[in-house]
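Asks: Pasting a structure below so you can have a look.
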Amino acid sequence: MISRREFVIATCVTASGTMPGAIFATPAAMNEAIRAITGGAEARRGRVKLDAPALIENGNSVVLAVSVESPMTQADHVKAIHVFAPMNPLPNMVSVHLGPRSGRAQFSTRVRVADTQTLVALAQMSDGSFWSDQVSVVVTIAACLEELK
Amino acid sequence: MILGSPAGAQTPPAERRSGYEFMGPDTRAMQDDDATNPGMLWVLDGESLWKRKAGSADKACAECHQDMKGVAARYPALRSGKLINLDQRINACRVEQQKAPALQLESRELLALSAYVGRQSRGLPIDIAVPEQAKPFLESGRAAFNRRQGQLNLSCTQCHDGLAGNKLAGNPIPQAHPTGYPIYRLEWQGMGSLQRRLRNCMIGVRAEPYAYGSSEFVELEYYLMWRARGMKLETPAVRP
Amino acid sequence: MARAIIQVPARAKRGEIIELRALIGHVMETGFRRTESGSLVPRDIIRQLVCSYNGAEVFRADFHPAIAANPLITFTTVATESGRIEFRWTGDNDFSATESAPITVE
């Protein structure tokens, strides 16, 4: 279920992101997005492993994988994993919601990375703690495109 | 400064490498698995279209054709003295046999059908015939490949024979073998034909691209496929 | 309905952790692109994927415009019982798609 607070944050991010002449997000916007989830609680480095290629051939489709060390039992599991991109137009990339039926706290998907930046993954645990990891990626562009850019 | 190879100096046949080998491991993995290759979405759509009745003749492709193994590996080819590519051959069937209007070049339906047909030749060597009457077309395509063009005044051969393997804007320059068309290009985030890719090349050197379906394009495709003869088809390929 | 390709193992042992994959055709228009004349192309994305196992939600993903076109996602679940695993995508402009596959758990 989406909480009211999450809904408000989501619509605010949407509104600012689709205005004409939209500016790109900044690390500050990402920190706000992270704070919306953690409520200001500390997110410690560790237990989370964020994988993305260091050198990206094409920012339109980048394989991204996150795994978190966790027994994934009812008593001790990862509730959600969120991934952020501080230099994309919007800081939020994807959030996955897991539980004891997941078996492992891991997922993989393909994302758009707008520019060279440091991606951040945040894991939300069932005991209320937060853990994170980050990875720096360099984006190159294809040489022969359809439009003059 | 770009040091180009002299016109006509080709990559030796044994040193030819598919664009696949110039890609990173993630992109290769995307192509290797039918469950992750976005091109398969078009192949499945093509399979549906193949079985669907069309036109005033109310016929489906499947009613006349069994499997299309080997077909995509042989195009472009001569048909009644005219050089045509696979897309044009599919349209010829639509118009003549199904009595349906030709599909627009680069349309989703035509890409789906050519992806479906192409997939059935996956793993087979490209096998382009050059009968006597086709030789002028091959020479015309070869000349286009070797000719300097555009504001940047570059020829295809300078980069793709002479400088393949070097980097341009951070990415390796491939040898330009059309081993997997139609491809899912990450840059397009969609499927496209060899002609679409060639248009990108021509815009890349700031040349006026040929029109879709033009004889200039089909002749260049003919030369490129002939230059890649013996290499295995990978349709539907994924490319950056 | 949009074309989707899912991968669910046909058989598994009870308690085994299985990998599930879901790929769906969708342009995932970000809302940040402009046409040649300069106007913004409106956002049109898949917002959510819910995976259910015999009706119970076992995985949920919230997609943002940063998800690449033709979204693919891979994740795991525990094979608990025989039945059906269903994937349901929803998004902008009333987008909706479902795909499911049977699983036999021994």
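For the structure tokens, the naming scheme is as follows: chains receive sequential letters (A, B, ...) according to their order of presentation, residues are indexed from 1 within each chain, and ligands are indexed from 1 in presentation order.
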List every residue of chain B that has an atom at most 9 Å from any atom of chain C, giving for each one its closest atom pair and the distance in Å to one decimal, counting only C-alpha atoms, sorted by chain and then by ascending residue number, as a Markdown table.

Replies:
```
| residue | atom | partner | partner_atom | distance |
| --- | --- | --- | --- | --- |
| B:Asp34 | CA | C:Ile5 | CA | 8.9 |
| B:Ala35 | CA | C:Ile5 | CA | 6.4 |
| B:Thr36 | CA | C:Leu23 | CA | 6.6 |
| B:Asn37 | CA | C:Leu23 | CA | 8.6 |
| B:Pro38 | CA | C:Asn70 | CA | 6.5 |
| B:Met40 | CA | C:Ile5 | CA | 8.4 |
| B:Leu41 | CA | C:Arg3 | CA | 6.2 |
| B:Trp42 | CA | C:Arg3 | CA | 8.5 |
| B:Leu44 | CA | C:Arg3 | CA | 7.8 |
| B:Asp45 | CA | C:Arg3 | CA | 7.4 |
| B:Gln189 | CA | C:Ala69 | CA | 6.0 |
| B:Gly190 | CA | C:Ala69 | CA | 7.9 |
```

Asks: Residues as selected, C-alpha atoms, written as a compact mmCIF listing (two decimals), in the first residue's frame, can you do that?

Replies:
```
# COMPACT_ATOMS: atom_id res chain seq x y z
CA ASP B 34 15.63 -14.78 -25.51
CA ALA B 35 13.98 -13.92 -22.18
CA THR B 36 15.93 -10.66 -21.87
CA ASN B 37 16.37 -9.67 -25.53
CA PRO B 38 13.85 -6.89 -26.24
CA MET B 40 12.13 -10.98 -29.08
CA LEU B 41 9.06 -8.83 -28.37
CA TRP B 42 9.05 -7.95 -32.08
CA LEU B 44 6.66 -12.67 -31.14
CA ASP B 45 4.57 -9.93 -32.73
CA GLN B 189 15.27 2.01 -27.41
CA GLY B 190 13.51 0.13 -30.16
```

Asks: Any idea what's packed within 10 Å of A:Pro71, counting only C-alpha atoms, ignoring anything in its chain fewer than 3 positions away? Could you give it as a list in words?

Replies: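 Those residues are Val68, Gln74, Ala75, Asp76, His77, Val78, Pro100, Gly103, Arg104 and Ala105 of chain A.
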
Asks: Taking only C-alpha atoms into account, name the residue in A:Met93, A:Met87, A:Ala65, A:Ala43 that is nearest to chain C.

Replies: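 Of A:Met93, A:Met87, A:Ala65, A:Ala43, the one nearest chain C, counting only C-alpha atoms, is A:Met93.
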
Asks: Tell me as a list in words which residues belonging to chain A come within 7 Å of chain B, counting only C-alpha atoms.

Replies: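 That gives the following set of residues: Glu57, Asn58, Asn60, Ser61, Val63, Thr140, Ile141, Ala142, Ala143, Cys144, Leu145 and Glu146 of chain A.
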
Asks: Which residues in stretch 1-201 of chain B does DSSP call alpha helix (DSSP H)? List them as a PyMOL selection string.

Replies: chain B and resi 25-32+39-51+61-64+86-96+108-119+135-146+156-160+194-201

Asks: Within 10 Å of chain C, which residues of chain A are there when counting only C-alpha atoms? Please give them as an mmCIF file with N, CA and C atoms, in the first residue's frame.

Replies:
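Okay, this is what ended up in part_29.cif:
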```
data_model
loop_
_atom_site.group_PDB
_atom_site.id
_atom_site.type_symbol
_atom_site.label_atom_id
_atom_site.label_comp_id
_atom_site.auth_asym_id
_atom_site.auth_seq_id
_atom_site.Cartn_x
_atom_site.Cartn_y
_atom_site.Cartn_z
ATOM 1 N N ALA A 10 5.753 11.651 -4.272
ATOM 2 C CA ALA A 10 5.761 11.209 -5.673
ATOM 3 C C ALA A 10 5.162 12.271 -6.575
ATOM 4 N N THR A 14 6.987 14.480 -9.497
ATOM 5 C CA THR A 14 6.428 14.453 -10.855
ATOM 6 C C THR A 14 6.203 15.860 -11.364
ATOM 7 N N GLY A 17 9.289 17.695 -12.162
ATOM 8 C CA GLY A 17 10.030 17.075 -13.251
ATOM 9 C C GLY A 17 9.462 17.329 -14.624
ATOM 10 N N THR A 18 8.166 17.633 -14.708
ATOM 11 C CA THR A 18 7.601 17.768 -16.050
ATOM 12 C C THR A 18 7.332 19.216 -16.444
ATOM 13 N N MET A 19 7.806 20.172 -15.695
ATOM 14 C CA MET A 19 7.625 21.569 -16.113
ATOM 15 C C MET A 19 8.519 21.847 -17.318
ATOM 16 N N PRO A 20 8.078 22.727 -18.220
ATOM 17 C CA PRO A 20 8.912 23.045 -19.384
ATOM 18 C C PRO A 20 10.281 23.568 -18.934
ATOM 19 N N GLY A 21 11.306 23.170 -19.657
ATOM 20 C CA GLY A 21 12.640 23.605 -19.282
ATOM 21 C C GLY A 21 13.054 22.955 -17.978
ATOM 22 N N ALA A 22 12.592 21.703 -17.756
ATOM 23 C CA ALA A 22 12.887 21.029 -16.490
ATOM 24 C C ALA A 22 14.383 20.940 -16.272
ATOM 25 N N ILE A 23 14.821 21.297 -15.092
ATOM 26 C CA ILE A 23 16.229 21.165 -14.765
ATOM 27 C C ILE A 23 16.464 19.756 -14.258
ATOM 28 N N PHE A 24 17.702 19.351 -14.297
ATOM 29 C CA PHE A 24 18.020 18.036 -13.801
ATOM 30 C C PHE A 24 18.045 18.057 -12.275
ATOM 31 N N GLY A 59 23.674 5.161 -22.212
ATOM 32 C CA GLY A 59 22.914 5.502 -21.012
ATOM 33 C C GLY A 59 21.439 5.175 -21.089
ATOM 34 N N ASN A 60 20.948 4.779 -22.269
ATOM 35 C CA ASN A 60 19.521 4.460 -22.401
ATOM 36 C C ASN A 60 19.143 3.139 -21.752
ATOM 37 N N SER A 61 20.089 2.233 -21.604
ATOM 38 C CA SER A 61 19.755 0.916 -21.074
ATOM 39 C C SER A 61 20.961 0.350 -20.356
ATOM 40 N N VAL A 62 20.953 0.449 -19.037
ATOM 41 C CA VAL A 62 22.087 0.051 -18.215
ATOM 42 C C VAL A 62 21.622 -1.032 -17.248
ATOM 43 N N VAL A 63 22.336 -2.158 -17.244
ATOM 44 C CA VAL A 63 21.944 -3.232 -16.325
ATOM 45 C C VAL A 63 22.337 -2.830 -14.910
ATOM 46 N N LEU A 64 21.380 -2.950 -14.007
ATOM 47 C CA LEU A 64 21.600 -2.576 -12.621
ATOM 48 C C LEU A 64 21.120 -3.720 -11.747
ATOM 49 N N ALA A 65 21.924 -4.104 -10.769
ATOM 50 C CA ALA A 65 21.528 -5.199 -9.880
ATOM 51 C C ALA A 65 21.810 -4.785 -8.451
ATOM 52 N N ALA A 80 12.238 -3.266 1.600
ATOM 53 C CA ALA A 80 12.249 -2.573 0.310
ATOM 54 C C ALA A 80 13.668 -2.180 -0.056
ATOM 55 N N ILE A 81 13.917 -2.073 -1.345
ATOM 56 C CA ILE A 81 15.190 -1.563 -1.863
ATOM 57 C C ILE A 81 14.841 -0.424 -2.821
ATOM 58 N N HIS A 82 15.522 0.722 -2.636
ATOM 59 C CA HIS A 82 15.274 1.897 -3.482
ATOM 60 C C HIS A 82 16.578 2.281 -4.160
ATOM 61 N N PHE A 84 18.610 5.342 -6.452
ATOM 62 C CA PHE A 84 18.552 6.766 -6.788
ATOM 63 C C PHE A 84 19.667 7.171 -7.745
ATOM 64 N N ALA A 85 19.370 8.194 -8.559
ATOM 65 C CA ALA A 85 20.355 8.743 -9.482
ATOM 66 C C ALA A 85 20.379 10.253 -9.289
ATOM 67 N N ASN A 88 20.111 12.385 -12.668
ATOM 68 C CA ASN A 88 19.016 12.179 -13.625
ATOM 69 C C ASN A 88 17.990 13.277 -13.429
ATOM 70 N N PRO A 89 17.066 13.466 -14.392
ATOM 71 C CA PRO A 89 16.024 14.480 -14.185
ATOM 72 C C PRO A 89 15.238 14.272 -12.894
ATOM 73 N N LEU A 90 14.994 13.031 -12.525
ATOM 74 C CA LEU A 90 14.339 12.726 -11.252
ATOM 75 C C LEU A 90 15.262 11.821 -10.450
ATOM 76 N N PRO A 91 15.326 12.003 -9.124
ATOM 77 C CA PRO A 91 16.268 11.178 -8.352
ATOM 78 C C PRO A 91 15.853 9.720 -8.184
ATOM 79 N N ASN A 92 14.533 9.458 -8.082
ATOM 80 C CA ASN A 92 14.097 8.066 -7.884
ATOM 81 C C ASN A 92 14.181 7.296 -9.192
ATOM 82 N N MET A 93 14.738 6.070 -9.122
ATOM 83 C CA MET A 93 14.803 5.236 -10.326
ATOM 84 C C MET A 93 13.798 4.090 -10.216
ATOM 85 N N VAL A 94 13.901 3.337 -9.128
ATOM 86 C CA VAL A 94 13.039 2.173 -8.945
ATOM 87 C C VAL A 94 12.999 1.825 -7.464
ATOM 88 N N SER A 95 11.865 1.282 -7.027
ATOM 89 C CA SER A 95 11.755 0.752 -5.673
ATOM 90 C C SER A 95 11.143 -0.629 -5.774
ATOM 91 N N VAL A 96 11.704 -1.590 -5.055
ATOM 92 C CA VAL A 96 11.083 -2.919 -5.030
ATOM 93 C C VAL A 96 10.714 -3.245 -3.596
ATOM 94 N N HIS A 97 9.583 -3.913 -3.435
ATOM 95 C CA HIS A 97 9.059 -4.286 -2.128
ATOM 96 C C HIS A 97 9.126 -5.791 -1.990
ATOM 97 N N LEU A 98 9.866 -6.240 -0.955
ATOM 98 C CA LEU A 98 10.121 -7.666 -0.772
ATOM 99 C C LEU A 98 9.497 -8.136 0.533
ATOM 100 N N GLY A 99 9.751 -9.400 0.872
ATOM 101 C CA GLY A 99 9.249 -9.951 2.124
ATOM 102 C C GLY A 99 9.843 -11.328 2.347
ATOM 103 N N PRO A 100 9.385 -12.009 3.390
ATOM 104 C CA PRO A 100 9.947 -13.339 3.684
ATOM 105 C C PRO A 100 9.751 -14.323 2.525
ATOM 106 N N ARG A 101 8.762 -14.110 1.668
ATOM 107 C CA ARG A 101 8.538 -15.038 0.555
ATOM 108 C C ARG A 101 9.510 -14.816 -0.598
ATOM 109 N N SER A 102 10.360 -13.780 -0.486
ATOM 110 C CA SER A 102 11.265 -13.475 -1.585
ATOM 111 C C SER A 102 12.426 -14.456 -1.662
ATOM 112 N N GLY A 103 12.789 -15.062 -0.535
ATOM 113 C CA GLY A 103 13.916 -15.992 -0.555
ATOM 114 C C GLY A 103 15.246 -15.260 -0.468
ATOM 115 N N ARG A 104 15.485 -14.385 -1.423
ATOM 116 C CA ARG A 104 16.714 -13.585 -1.404
ATOM 117 C C ARG A 104 16.332 -12.130 -1.623
ATOM 118 N N ALA A 105 17.140 -11.244 -1.001
ATOM 119 C CA ALA A 105 16.892 -9.814 -1.213
ATOM 120 C C ALA A 105 17.748 -9.389 -2.389
ATOM 121 N N GLN A 106 17.228 -9.552 -3.581
ATOM 122 C CA GLN A 106 17.998 -9.161 -4.761
ATOM 123 C C GLN A 106 17.056 -8.925 -5.928
ATOM 124 N N PHE A 107 17.489 -8.060 -6.831
ATOM 125 C CA PHE A 107 16.748 -7.887 -8.072
ATOM 126 C C PHE A 107 17.688 -7.258 -9.091
ATOM 127 N N SER A 108 17.260 -7.326 -10.339
ATOM 128 C CA SER A 108 18.069 -6.734 -11.404
ATOM 129 C C SER A 108 17.121 -6.144 -12.439
ATOM 130 N N THR A 109 17.493 -5.017 -13.005
ATOM 131 C CA THR A 109 16.646 -4.395 -14.014
ATOM 132 C C THR A 109 17.512 -3.576 -14.960
ATOM 133 N N ARG A 110 16.906 -2.844 -15.884
ATOM 134 C CA ARG A 110 17.664 -2.001 -16.810
ATOM 135 C C ARG A 110 17.149 -0.569 -16.666
ATOM 136 N N VAL A 111 18.080 0.351 -16.480
ATOM 137 C CA VAL A 111 17.711 1.736 -16.197
ATOM 138 C C VAL A 111 18.367 2.700 -17.170
ATOM 139 N N ARG A 112 17.862 3.925 -17.136
ATOM 140 C CA ARG A 112 18.430 5.017 -17.933
ATOM 141 C C ARG A 112 19.313 5.848 -17.011
ATOM 142 N N VAL A 113 20.538 6.073 -17.435
ATOM 143 C CA VAL A 113 21.459 6.890 -16.656
ATOM 144 C C VAL A 113 21.809 8.089 -17.520
ATOM 145 N N ALA A 114 21.383 9.284 -17.076
ATOM 146 C CA ALA A 114 21.482 10.461 -17.938
ATOM 147 C C ALA A 114 22.899 10.981 -18.085
ATOM 148 N N GLU A 147 19.629 12.185 -34.763
ATOM 149 C CA GLU A 147 19.454 13.631 -34.879
ATOM 150 C C GLU A 147 20.783 14.284 -34.605
#
```

Asks: Quick one: everything within 10 Å of B:Ala144, counting only C-alpha atoms, minus sequence neighbours fewer than 6 positions away in the same chain. Send it as an NGL selection string.

Replies: :B and (138 or 155-157 or 216-217 or 219-220 or 223)

Asks: Put those residues in a file: C-alpha atoms, as a PDB file, in the first residue's frame.

Replies:
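What landed in again-v5.pdb:
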```pdb
ATOM      1  CA  LEU B 138      27.453  -4.813 -55.964  1.00  0.00           C
ATOM      2  CA  SER B 155      34.046   7.298 -46.183  1.00  0.00           C
ATOM      3  CA  CYS B 156      32.649   4.209 -44.440  1.00  0.00           C
ATOM      4  CA  THR B 157      35.834   2.278 -45.146  1.00  0.00           C
ATOM      5  CA  GLU B 216      21.240   3.537 -53.253  1.00  0.00           C
ATOM      6  CA  PHE B 217      20.392   1.997 -49.896  1.00  0.00           C
ATOM      7  CA  GLU B 219      22.838  -1.521 -53.188  1.00  0.00           C
ATOM      8  CA  LEU B 220      24.813  -0.527 -50.099  1.00  0.00           C
ATOM      9  CA  TYR B 223      27.558  -4.798 -50.591  1.00  0.00           C
TER      10      TYR B 223
END
```
